[in-house]
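Below: my_file.txt (compact mmCIF, C-alpha atoms and all ligand atoms)
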```txt
# COMPACT_ATOMS: atom_id res chain seq x y z
CA MET M 1 54.53 -8.20 -218.69
CA ASP M 2 56.22 -10.54 -221.10
CA TYR M 3 55.70 -13.52 -218.81
CA GLU M 4 51.88 -13.41 -218.96
CA PRO M 5 50.20 -15.88 -221.34
CA PRO M 6 47.91 -14.20 -223.92
CA LEU M 7 44.70 -14.94 -222.00
CA PRO M 8 42.99 -11.60 -222.85
CA GLU M 9 43.42 -12.32 -226.59
CA ALA M 10 42.09 -15.87 -226.15
CA CYS M 11 39.04 -14.46 -224.35
CA LYS M 12 38.24 -12.07 -227.19
CA LYS M 13 37.87 -15.03 -229.56
CA LEU M 14 35.30 -16.80 -227.38
CA PRO M 15 31.58 -16.14 -227.01
CA GLU M 16 30.35 -15.00 -223.60
CA SER M 17 28.71 -17.78 -221.64
CA SER M 18 25.57 -17.13 -219.68
CA LEU M 19 26.90 -17.80 -216.20
CA PRO M 20 24.35 -18.80 -213.62
CA LEU M 21 23.91 -16.33 -210.74
CA ASP M 22 25.80 -18.42 -208.23
CA THR M 23 29.08 -17.84 -210.03
CA ARG M 24 29.14 -14.12 -209.27
CA THR M 25 31.70 -12.88 -206.82
CA THR M 26 32.77 -9.51 -205.54
CA MET M 27 36.27 -8.40 -204.68
CA THR M 28 37.55 -7.35 -201.27
CA MET M 29 39.68 -4.21 -200.85
CA GLU M 30 42.83 -6.19 -201.62
CA GLY M 31 41.25 -7.58 -204.77
CA LYS M 32 40.83 -11.05 -203.32
CA PRO M 33 37.77 -12.98 -204.41
CA SER M 34 35.01 -12.90 -201.83
CA SER M 35 31.67 -14.53 -202.05
CA THR M 36 28.38 -12.75 -202.50
CA VAL M 37 25.35 -14.20 -200.77
CA GLU M 38 25.16 -17.03 -203.27
CA ILE M 39 28.43 -18.61 -202.11
CA SER M 40 29.06 -19.56 -198.49
CA ASP M 41 32.27 -20.78 -196.91
CA CYS M 42 32.32 -24.44 -196.06
CA GLU M 43 34.06 -25.93 -193.07
CA LEU M 44 35.73 -28.95 -194.56
CA PRO M 45 36.63 -31.74 -192.13
CA VAL M 46 40.17 -31.31 -190.78
CA ILE M 47 41.80 -34.63 -189.95
CA ASP M 48 44.87 -34.81 -187.72
CA LEU M 49 46.94 -37.67 -189.16
CA ASP M 50 49.08 -37.80 -186.06
CA ARG M 51 46.26 -39.84 -184.55
CA LEU M 52 47.31 -42.72 -186.82
CA ASN M 53 50.61 -42.94 -184.94
CA ARG M 54 49.06 -43.26 -181.48
CA THR M 55 49.59 -46.45 -179.53
CA ASP M 56 45.92 -46.39 -178.59
CA HIS M 57 44.24 -48.43 -181.31
CA VAL M 58 40.83 -46.84 -180.61
CA GLU M 59 42.31 -43.46 -181.54
CA ARG M 60 43.81 -44.92 -184.74
CA GLU M 61 40.54 -46.50 -185.75
CA GLU M 62 38.61 -43.32 -185.05
CA CYS M 63 40.96 -41.44 -187.33
CA MET M 64 40.51 -44.01 -190.14
CA LYS M 65 36.74 -43.77 -189.70
CA ASP M 66 36.93 -39.97 -189.99
CA ILE M 67 38.86 -40.30 -193.27
CA ILE M 68 36.33 -42.77 -194.66
CA GLU M 69 33.35 -40.65 -193.59
CA ALA M 70 34.86 -37.48 -195.07
CA ALA M 71 35.43 -39.27 -198.40
CA LYS M 72 31.83 -40.49 -198.41
CA GLN M 73 30.09 -37.33 -197.23
CA TRP M 74 32.32 -34.64 -198.72
CA GLY M 75 34.74 -36.14 -201.25
CA PHE M 76 37.04 -33.37 -199.96
CA PHE M 77 38.88 -33.00 -196.67
CA GLN M 78 41.93 -31.37 -195.10
CA VAL M 79 44.79 -33.12 -193.38
CA VAL M 80 47.20 -31.74 -190.77
CA SER M 81 50.31 -33.46 -189.35
CA HIS M 82 50.69 -34.76 -192.90
CA GLY M 83 54.45 -35.15 -192.73
CA ILE M 84 55.38 -32.62 -195.45
CA SER M 85 57.36 -29.82 -193.84
CA GLN M 86 56.34 -26.16 -194.16
CA GLN M 87 59.88 -25.48 -195.27
CA LEU M 88 59.52 -27.79 -198.27
CA LEU M 89 56.09 -26.38 -199.17
CA GLN M 90 57.34 -22.79 -199.01
CA ARG M 91 60.35 -23.71 -201.14
CA LEU M 92 58.01 -25.26 -203.69
CA LEU M 93 55.99 -22.06 -203.79
CA LEU M 94 59.12 -20.01 -204.33
CA GLU M 95 60.53 -22.25 -207.09
CA GLN M 96 57.16 -22.35 -208.77
CA THR M 97 56.92 -18.54 -208.74
CA LYS M 98 60.33 -18.29 -210.39
CA MET M 99 59.35 -20.78 -213.09
CA PHE M 100 56.26 -18.78 -213.98
CA GLN M 101 58.20 -15.49 -213.99
CA ARG M 102 60.17 -16.57 -217.06
CA PRO M 103 59.16 -15.08 -220.45
CA PHE M 104 56.05 -16.59 -221.99
CA ALA M 105 58.01 -17.46 -225.16
CA GLN M 106 60.41 -19.51 -223.06
CA LYS M 107 57.68 -21.22 -221.05
CA SER M 108 55.78 -22.17 -224.21
CA GLN M 109 58.76 -24.15 -225.42
CA GLU M 110 58.45 -26.41 -222.41
CA THR M 111 56.86 -29.42 -224.07
CA SER M 112 59.03 -32.37 -223.11
CA ARG M 113 57.45 -35.64 -222.01
CA THR M 114 58.37 -34.95 -218.39
CA CYS M 115 57.45 -31.24 -218.16
CA THR M 116 54.78 -29.50 -220.24
CA TYR M 117 53.61 -25.91 -220.06
CA LYS M 118 49.86 -25.26 -220.52
CA TRP M 119 47.69 -22.17 -220.35
CA GLY M 120 43.97 -21.48 -220.79
CA ASN M 121 42.05 -24.23 -222.53
CA PRO M 122 42.81 -24.62 -226.26
CA PHE M 123 39.52 -26.46 -226.76
CA ALA M 124 37.24 -23.98 -224.94
CA THR M 125 34.04 -23.28 -226.84
CA ASN M 126 32.97 -20.38 -224.59
CA LEU M 127 34.41 -18.13 -221.87
CA LYS M 128 33.20 -20.38 -219.08
CA GLN M 129 35.53 -23.13 -220.31
CA LEU M 130 38.63 -21.00 -220.76
CA SER M 131 40.43 -21.22 -217.36
CA TRP M 132 42.39 -18.03 -216.64
CA SER M 133 45.52 -19.86 -215.53
CA GLU M 134 48.81 -21.39 -216.56
CA ALA M 135 50.40 -24.62 -215.39
CA PHE M 136 53.38 -26.92 -215.60
CA HIS M 137 52.55 -30.63 -215.76
CA ILE M 138 55.47 -32.56 -214.37
CA LEU M 139 56.36 -36.24 -214.10
CA PRO M 140 58.35 -35.77 -210.89
CA HIS M 141 60.22 -39.05 -210.84
CA GLU M 142 61.35 -39.09 -214.47
CA PRO M 143 64.85 -37.93 -215.41
CA ALA M 144 64.58 -34.30 -216.47
CA ASN M 145 66.17 -32.25 -219.17
CA MET M 146 67.38 -29.39 -216.94
CA VAL M 147 67.36 -26.30 -219.10
CA ASP M 148 68.74 -23.86 -216.55
CA ASP M 149 69.28 -23.40 -212.80
CA HIS M 150 65.69 -22.32 -212.14
CA HIS M 151 64.49 -25.38 -213.88
CA LYS M 152 66.82 -27.62 -211.96
CA CYS M 153 65.77 -26.25 -208.56
CA MET M 154 62.10 -26.48 -209.46
CA ARG M 155 62.44 -30.09 -210.61
CA LEU M 156 64.36 -31.15 -207.52
CA THR M 157 61.87 -29.46 -205.19
CA THR M 158 58.92 -30.96 -207.07
CA LYS M 159 60.51 -34.38 -206.78
CA ALA M 160 61.10 -33.89 -203.04
CA PHE M 161 57.42 -32.93 -202.66
CA ALA M 162 56.22 -35.93 -204.71
CA THR M 163 58.47 -38.25 -202.70
CA LYS M 164 56.47 -37.23 -199.61
CA ALA M 165 53.04 -36.81 -201.23
CA GLY M 166 53.14 -40.25 -202.92
CA PRO M 167 53.37 -42.30 -199.70
CA LEU M 168 50.82 -39.98 -198.05
CA ALA M 169 48.36 -40.64 -200.91
CA GLU M 170 49.09 -44.37 -200.77
CA MET M 171 48.39 -44.47 -197.04
CA LEU M 172 45.09 -42.57 -197.39
CA ALA M 173 44.06 -44.73 -200.37
CA ALA M 174 44.82 -47.92 -198.44
CA ILE M 175 42.67 -46.74 -195.50
CA LEU M 176 39.82 -45.89 -197.89
CA GLY M 177 40.27 -49.25 -199.63
CA VAL M 178 39.64 -51.23 -196.43
CA GLU M 179 36.00 -50.10 -196.47
CA MET M 180 35.40 -51.97 -199.73
CA ASN M 181 37.60 -54.99 -199.00
CA LEU M 182 40.14 -53.99 -201.58
CA LYS M 183 43.33 -56.07 -201.57
CA SER M 184 45.86 -54.20 -199.46
CA ARG M 185 48.44 -54.36 -202.26
CA TYR M 186 46.13 -52.87 -204.94
CA PHE M 187 47.50 -49.32 -204.74
CA ARG M 188 51.09 -50.35 -204.11
CA GLU M 189 51.04 -52.48 -207.27
CA ASN M 190 49.11 -50.14 -209.55
CA CYS M 191 50.31 -46.69 -208.51
CA LEU M 192 54.07 -46.75 -208.92
CA PRO M 193 55.91 -43.51 -208.17
CA ASN M 194 56.59 -42.87 -211.85
CA SER M 195 52.90 -42.82 -212.76
CA SER M 196 52.12 -39.84 -210.49
CA VAL M 197 51.85 -36.31 -211.88
CA VAL M 198 52.37 -32.91 -210.26
CA ARG M 199 50.72 -29.78 -211.61
CA LEU M 200 52.02 -26.36 -210.64
CA ASN M 201 49.16 -23.88 -211.10
CA ARG M 202 49.34 -20.10 -211.38
CA TYR M 203 46.25 -17.91 -211.61
CA PRO M 204 47.21 -14.47 -212.95
CA PRO M 205 45.23 -11.40 -211.86
CA CYS M 206 42.10 -11.32 -213.99
CA PRO M 207 40.49 -8.02 -215.05
CA ILE M 208 37.34 -9.83 -216.21
CA ALA M 209 36.96 -12.07 -213.15
CA LYS M 210 33.18 -11.94 -213.38
CA HIS M 211 33.19 -13.60 -216.78
CA VAL M 212 35.82 -16.27 -216.58
CA PHE M 213 37.03 -18.83 -214.04
CA GLY M 214 40.59 -19.33 -212.91
CA PHE M 215 39.96 -23.03 -213.40
CA MET M 216 36.73 -24.21 -214.98
CA SER M 217 34.47 -26.58 -213.05
CA HIS M 218 35.86 -30.12 -213.23
CA SER M 219 36.43 -33.35 -211.37
CA ASP M 220 39.90 -34.93 -211.24
CA SER M 221 40.75 -38.08 -213.23
CA THR M 222 42.66 -39.54 -210.26
CA PHE M 223 42.27 -41.85 -207.30
CA LEU M 224 43.19 -38.99 -205.00
CA THR M 225 44.50 -35.47 -205.41
CA ILE M 226 46.54 -33.70 -202.76
CA VAL M 227 46.55 -29.91 -203.07
CA PHE M 228 48.81 -27.33 -201.50
CA GLN M 229 47.47 -23.81 -201.96
CA ASP M 230 48.66 -20.36 -200.95
CA GLN M 231 46.50 -18.12 -198.73
CA VAL M 232 44.69 -16.18 -201.49
CA GLY M 233 41.66 -18.46 -201.74
CA GLY M 234 39.30 -18.96 -204.68
CA LEU M 235 38.78 -22.73 -204.68
CA GLN M 236 35.11 -23.72 -204.59
CA LEU M 237 33.38 -27.06 -204.50
CA LEU M 238 29.94 -28.25 -205.50
CA ARG M 239 27.90 -29.86 -202.73
CA ASP M 240 24.21 -30.68 -202.96
CA GLY M 241 23.88 -28.48 -206.05
CA LYS M 242 25.46 -25.40 -204.38
CA TRP M 243 28.95 -23.94 -204.67
CA PHE M 244 30.95 -23.46 -201.46
CA ALA M 245 34.23 -21.60 -200.97
CA VAL M 246 37.11 -23.50 -199.39
CA LYS M 247 38.90 -21.28 -196.89
CA PRO M 248 42.68 -21.76 -197.07
CA ASN M 249 44.17 -23.31 -193.94
CA PRO M 250 47.92 -22.60 -193.70
CA HIS M 251 48.60 -25.83 -191.79
CA ALA M 252 46.57 -28.19 -193.93
CA LEU M 253 46.80 -29.93 -197.27
CA LEU M 254 43.59 -30.55 -199.17
CA VAL M 255 42.71 -34.05 -200.27
CA ASN M 256 40.00 -34.81 -202.79
CA ILE M 257 38.61 -38.03 -204.17
CA GLY M 258 38.97 -38.37 -207.94
CA ASP M 259 36.88 -40.17 -210.58
CA LEU M 260 38.90 -43.40 -210.36
CA PHE M 261 38.14 -43.84 -206.66
CA GLN M 262 34.48 -43.06 -207.25
CA ALA M 263 34.41 -45.87 -209.83
CA LEU M 264 36.48 -48.27 -207.72
CA SER M 265 34.19 -47.73 -204.71
CA ASN M 266 31.07 -48.16 -206.87
CA GLY M 267 30.04 -44.57 -206.14
CA VAL M 268 30.50 -44.74 -202.35
CA TYR M 269 33.31 -42.17 -202.38
CA LYS M 270 32.48 -38.97 -204.23
CA SER M 271 34.58 -37.26 -206.89
CA ILE M 272 33.32 -33.73 -206.34
CA ARG M 273 33.28 -31.03 -209.01
CA HIS M 274 35.39 -28.05 -208.08
CA ARG M 275 36.61 -24.84 -209.70
CA VAL M 276 38.73 -21.80 -208.97
CA VAL M 277 37.31 -18.28 -209.06
CA ALA M 278 39.75 -15.77 -210.53
CA ALA M 279 40.91 -12.80 -208.45
CA GLN M 280 40.99 -9.38 -210.05
CA LYS M 281 44.16 -7.91 -208.65
CA ILE M 282 46.36 -10.61 -207.22
CA GLU M 283 47.87 -13.83 -208.47
CA ARG M 284 47.32 -17.19 -206.80
CA PHE M 285 49.44 -20.35 -206.73
CA SER M 286 48.63 -23.96 -205.99
CA VAL M 287 50.27 -27.34 -206.44
CA ALA M 288 48.30 -30.51 -207.15
CA PHE M 289 49.70 -34.00 -206.69
CA PHE M 290 47.73 -36.47 -208.79
CA TYR M 291 47.73 -40.00 -207.43
CA VAL M 292 47.06 -42.08 -210.54
CA PRO M 293 47.85 -45.64 -211.62
CA SER M 294 49.82 -46.87 -214.62
CA TYR M 295 47.89 -46.81 -217.90
CA ASP M 296 47.28 -50.57 -217.86
CA ALA M 297 45.69 -50.62 -214.38
CA VAL M 298 42.14 -51.97 -214.37
CA ILE M 299 39.54 -49.98 -212.43
CA GLU M 300 36.80 -52.35 -211.37
CA SER M 301 33.84 -51.28 -209.24
CA HIS M 302 33.71 -53.04 -205.85
CA GLY M 303 30.06 -53.43 -204.90
CA THR M 304 26.78 -54.87 -206.11
CA PRO M 305 25.07 -54.11 -208.30
CA LYS M 306 28.00 -52.57 -210.17
CA VAL M 307 27.40 -48.99 -211.21
CA TYR M 308 30.35 -48.69 -213.61
CA ARG M 309 31.84 -51.10 -216.13
CA SER M 310 35.51 -52.01 -215.69
CA PHE M 311 37.99 -49.93 -217.62
CA THR M 312 41.70 -49.32 -217.82
CA PHE M 313 43.17 -45.97 -216.90
CA ARG M 314 44.34 -45.71 -220.53
CA GLU M 315 40.74 -46.06 -221.75
CA TYR M 316 39.59 -43.41 -219.30
CA LYS M 317 42.30 -40.96 -220.37
CA GLN M 318 41.63 -41.52 -224.06
CA GLN M 319 37.88 -41.02 -223.63
CA THR M 320 38.22 -37.84 -221.53
CA GLU M 321 40.82 -36.37 -223.90
CA LYS M 322 38.54 -37.08 -226.88
CA ASP M 323 35.59 -35.43 -225.13
CA VAL M 324 37.65 -32.38 -224.16
CA LYS M 325 38.85 -31.97 -227.77
CA GLU M 326 35.30 -32.21 -229.11
CA THR M 327 33.39 -30.21 -226.49
CA GLY M 328 35.89 -28.23 -224.39
CA ASP M 329 34.95 -30.30 -221.30
CA LYS M 330 35.25 -33.93 -220.25
CA VAL M 331 32.20 -36.10 -219.79
CA GLY M 332 33.97 -38.32 -217.30
CA LEU M 333 32.49 -41.29 -215.43
CA TYR M 334 29.07 -40.86 -217.01
CA ARG M 335 30.55 -42.60 -220.08
CA PHE M 336 31.31 -45.71 -218.04
CA LEU M 337 27.95 -46.19 -216.35
CA LEU M 338 26.41 -49.64 -216.76
O1 LIG V 401 44.13 -24.49 -207.58
C1 LIG V 401 43.42 -25.22 -206.88
O2 LIG V 401 43.13 -24.96 -205.72
C2 LIG V 401 42.82 -26.47 -207.46
C3 LIG V 401 43.51 -26.94 -208.67
C4 LIG V 401 42.82 -28.11 -209.28
O3 LIG V 401 41.65 -28.34 -209.09
C5 LIG V 401 43.58 -29.03 -210.15
O4 LIG V 401 44.77 -28.75 -210.43
O5 LIG V 401 42.99 -30.04 -210.57
FE FE V 402 41.12 -30.36 -209.71
```
Take the structure in the file and write it out as structure tokens.
Amino acid sequence: MDYEPPLPEACKKLPESSLPLDTRTTMTMEGKPSSTVEISDCELPVIDLDRLNRTDHVEREECMKDIIEAAKQWGFFQVVSHGISQQLLQRLLLEQTKMFQRPFAQKSQETSRTCTYKWGNPFATNLKQLSWSEAFHILPHEPANMVDDHHKCMRLTTKAFATKAGPLAEMLAAILGVEMNLKSRYFRENCLPNSSVVRLNRYPPCPIAKHVFGFMSHSDSTFLTIVFQDQVGGLQLLRDGKWFAVKPNPHALLVNIGDLFQALSNGVYKSIRHRVVAAQKIERFSVAFFYVPSYDAVIESHGTPKVYRSFTFREYKQQTEKDVKETGDKVGLYRFLL
């Protein structure tokens, strides 16, 4: 199909990586990824955010405690009653599908400051680093250069989603910040709507799913990430040295702690490595909302003794981009250890 990025050709140019056993998966009848014995499902905490609206303050505080505990113990959790309607999420999925169904040649030209098309990993040094996927990186609140009607609908829907996801992220971040006596205005001042980023992800069917990931193992360079995924599955997270599959929950959004919150909390909240296993016969879609600050924001560890030195978000981005260019992967927070 002329809309597929040339992932098979990119694979041929890369050496095989020796994948550890735990990365193997088998396929179900429908070609969905399913775990072999090495990978178990994990029951991520599901937090009902409606409890924050209760008049009973004990209920509200219990809910905040659950959020804080999930961020400490898991670094990943699910939220329901999150305030983003199913209608909007389904529209986003539809618009995203249409964007990806345009010819590859047309998608590749999408390189404006506010919307960039990416596929694979141009800096991969082996198959394990390739990422069998394509994505649009969008600055949802910036004025867009609307190329066509598809584009226009996708941008408007992405903006509507970000308009809801931003305040949701800010509320969760503020709750998590209380635990480390962070000033209540820290996130409001540093994470303005126009610094957030949305990534629309598509994972094409992958004939060599045993040799390549849909999305290589990584942690997010964010405070928080909010993910909406379809029902295909494939997301896995690393916990106590073992990979676990995250079962899609149609009513929930996923929330994960990113590197910046791990640094800010002096390592109390965990930015967990995660990856996506490719499916052999079906495509998968997801949308990630990245809650990040402006480039000048200072990330300073709150705790003693400090584990990380202070850095600006600009410094962090520059360092991770340099590492990715040189090695195919980012080193991340390790670079900022004291
Ligand atoms: O597709 C997913 O479920 C996760 C995507 C992801 O990890 C990311 O975009 O950073
Ligand atoms: Fe991620």
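Interatomic distance, atom CA of M:Ile272 against atom CA of M:Thr114: 27.8 Å.
Of the residues listed (M:Thr163, M:Ser112, M:Thr320, M:Gln231), M:Ser112 shows the shortest atom-to-atom separation from M:Met146; distances use all atoms listed in the file.
Straight-line separation from atom CA of M:Thr97 to atom CA of M:Leu44: 27.5 Å.
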Practice prompt. Kindly provide, as a PyMOL selection string, all nucleotide and amino acid residues lying within 7 Å of ligand LIG 401 (chain V), counting all atoms listed in the file.
Written response: chain M and resi 199+201+220+227+229+235+274-276+285-288
Discussion item. If we count all atoms listed in the file and set the cut-off at 7 Å, which residues sit around M:Tyr295, ignoring sequence neighbours fewer than 6 positions away in its own chain? Please answer as a ChimeraX atom specification.
Written reply: /M:312-314
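Near M:Ser108, within 10 Å and counting only C-alpha atoms, sit M:Pro5, M:Pro103, M:Phe104, M:Ala105, M:Gln106, M:Glu110, M:Thr111, M:Thr116, M:Tyr117, M:Lys118, M:Trp119; same-chain residues fewer than 2 positions away were not included.
Here atom CA of M:Thr158 stands at a distance of 21.1 Å from atom CA of M:Arg188.
Minimum atom-to-atom distances from M:Pro293, M:Gly214, M:Pro305, M:Pro6 to ligand FE 402 (chain V) were compared using only C-alpha atoms and all ligand atoms, and the lowest value belongs to M:Gly214.
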Taking only C-alpha atoms, show stretch 76-113 of chain M of the given structure as a tab-separated table (two decimals), in the first residue's frame.
```
chain	number	residue	atom	x	y	z
M	76	PHE	CA	1.80	3.85	35.67
M	77	PHE	CA	-1.92	3.89	36.42
M	78	GLN	CA	-5.31	4.13	34.74
M	79	VAL	CA	-7.93	6.77	35.33
M	80	VAL	CA	-11.70	6.55	34.75
M	81	SER	CA	-14.24	9.40	35.01
M	82	HIS	CA	-11.44	11.48	33.51
M	83	GLY	CA	-13.72	14.01	31.87
M	84	ILE	CA	-12.76	13.33	28.22
M	85	SER	CA	-15.82	12.02	26.42
M	86	GLN	CA	-15.81	8.71	24.53
M	87	GLN	CA	-17.23	10.62	21.59
M	88	LEU	CA	-14.17	12.88	21.42
M	89	LEU	CA	-11.77	9.95	21.84
M	90	GLN	CA	-13.46	7.96	19.08
M	91	ARG	CA	-13.40	11.00	16.80
M	92	LEU	CA	-9.69	11.37	17.47
M	93	LEU	CA	-9.15	7.74	16.52
M	94	LEU	CA	-11.06	8.23	13.30
M	95	GLU	CA	-9.27	11.45	12.29
M	96	GLN	CA	-5.94	9.88	13.13
M	97	THR	CA	-6.70	6.85	10.95
M	98	LYS	CA	-7.52	9.14	8.02
M	99	MET	CA	-4.28	11.08	8.47
M	100	PHE	CA	-2.22	7.91	8.35
M	101	GLN	CA	-4.13	6.60	5.31
M	102	ARG	CA	-2.69	9.36	3.12
M	103	PRO	CA	0.18	8.44	0.74
M	104	PHE	CA	3.56	8.07	2.39
M	105	ALA	CA	5.04	10.69	0.02
M	106	GLN	CA	2.47	13.19	1.25
M	107	LYS	CA	2.94	12.33	4.92
M	108	SER	CA	6.72	12.67	4.64
M	109	GLN	CA	6.34	16.27	3.57
M	110	GLU	CA	4.72	17.05	6.89
M	111	THR	CA	7.65	18.77	8.59
M	112	SER	CA	6.30	22.08	9.82
M	113	ARG	CA	7.14	23.33	13.31
```
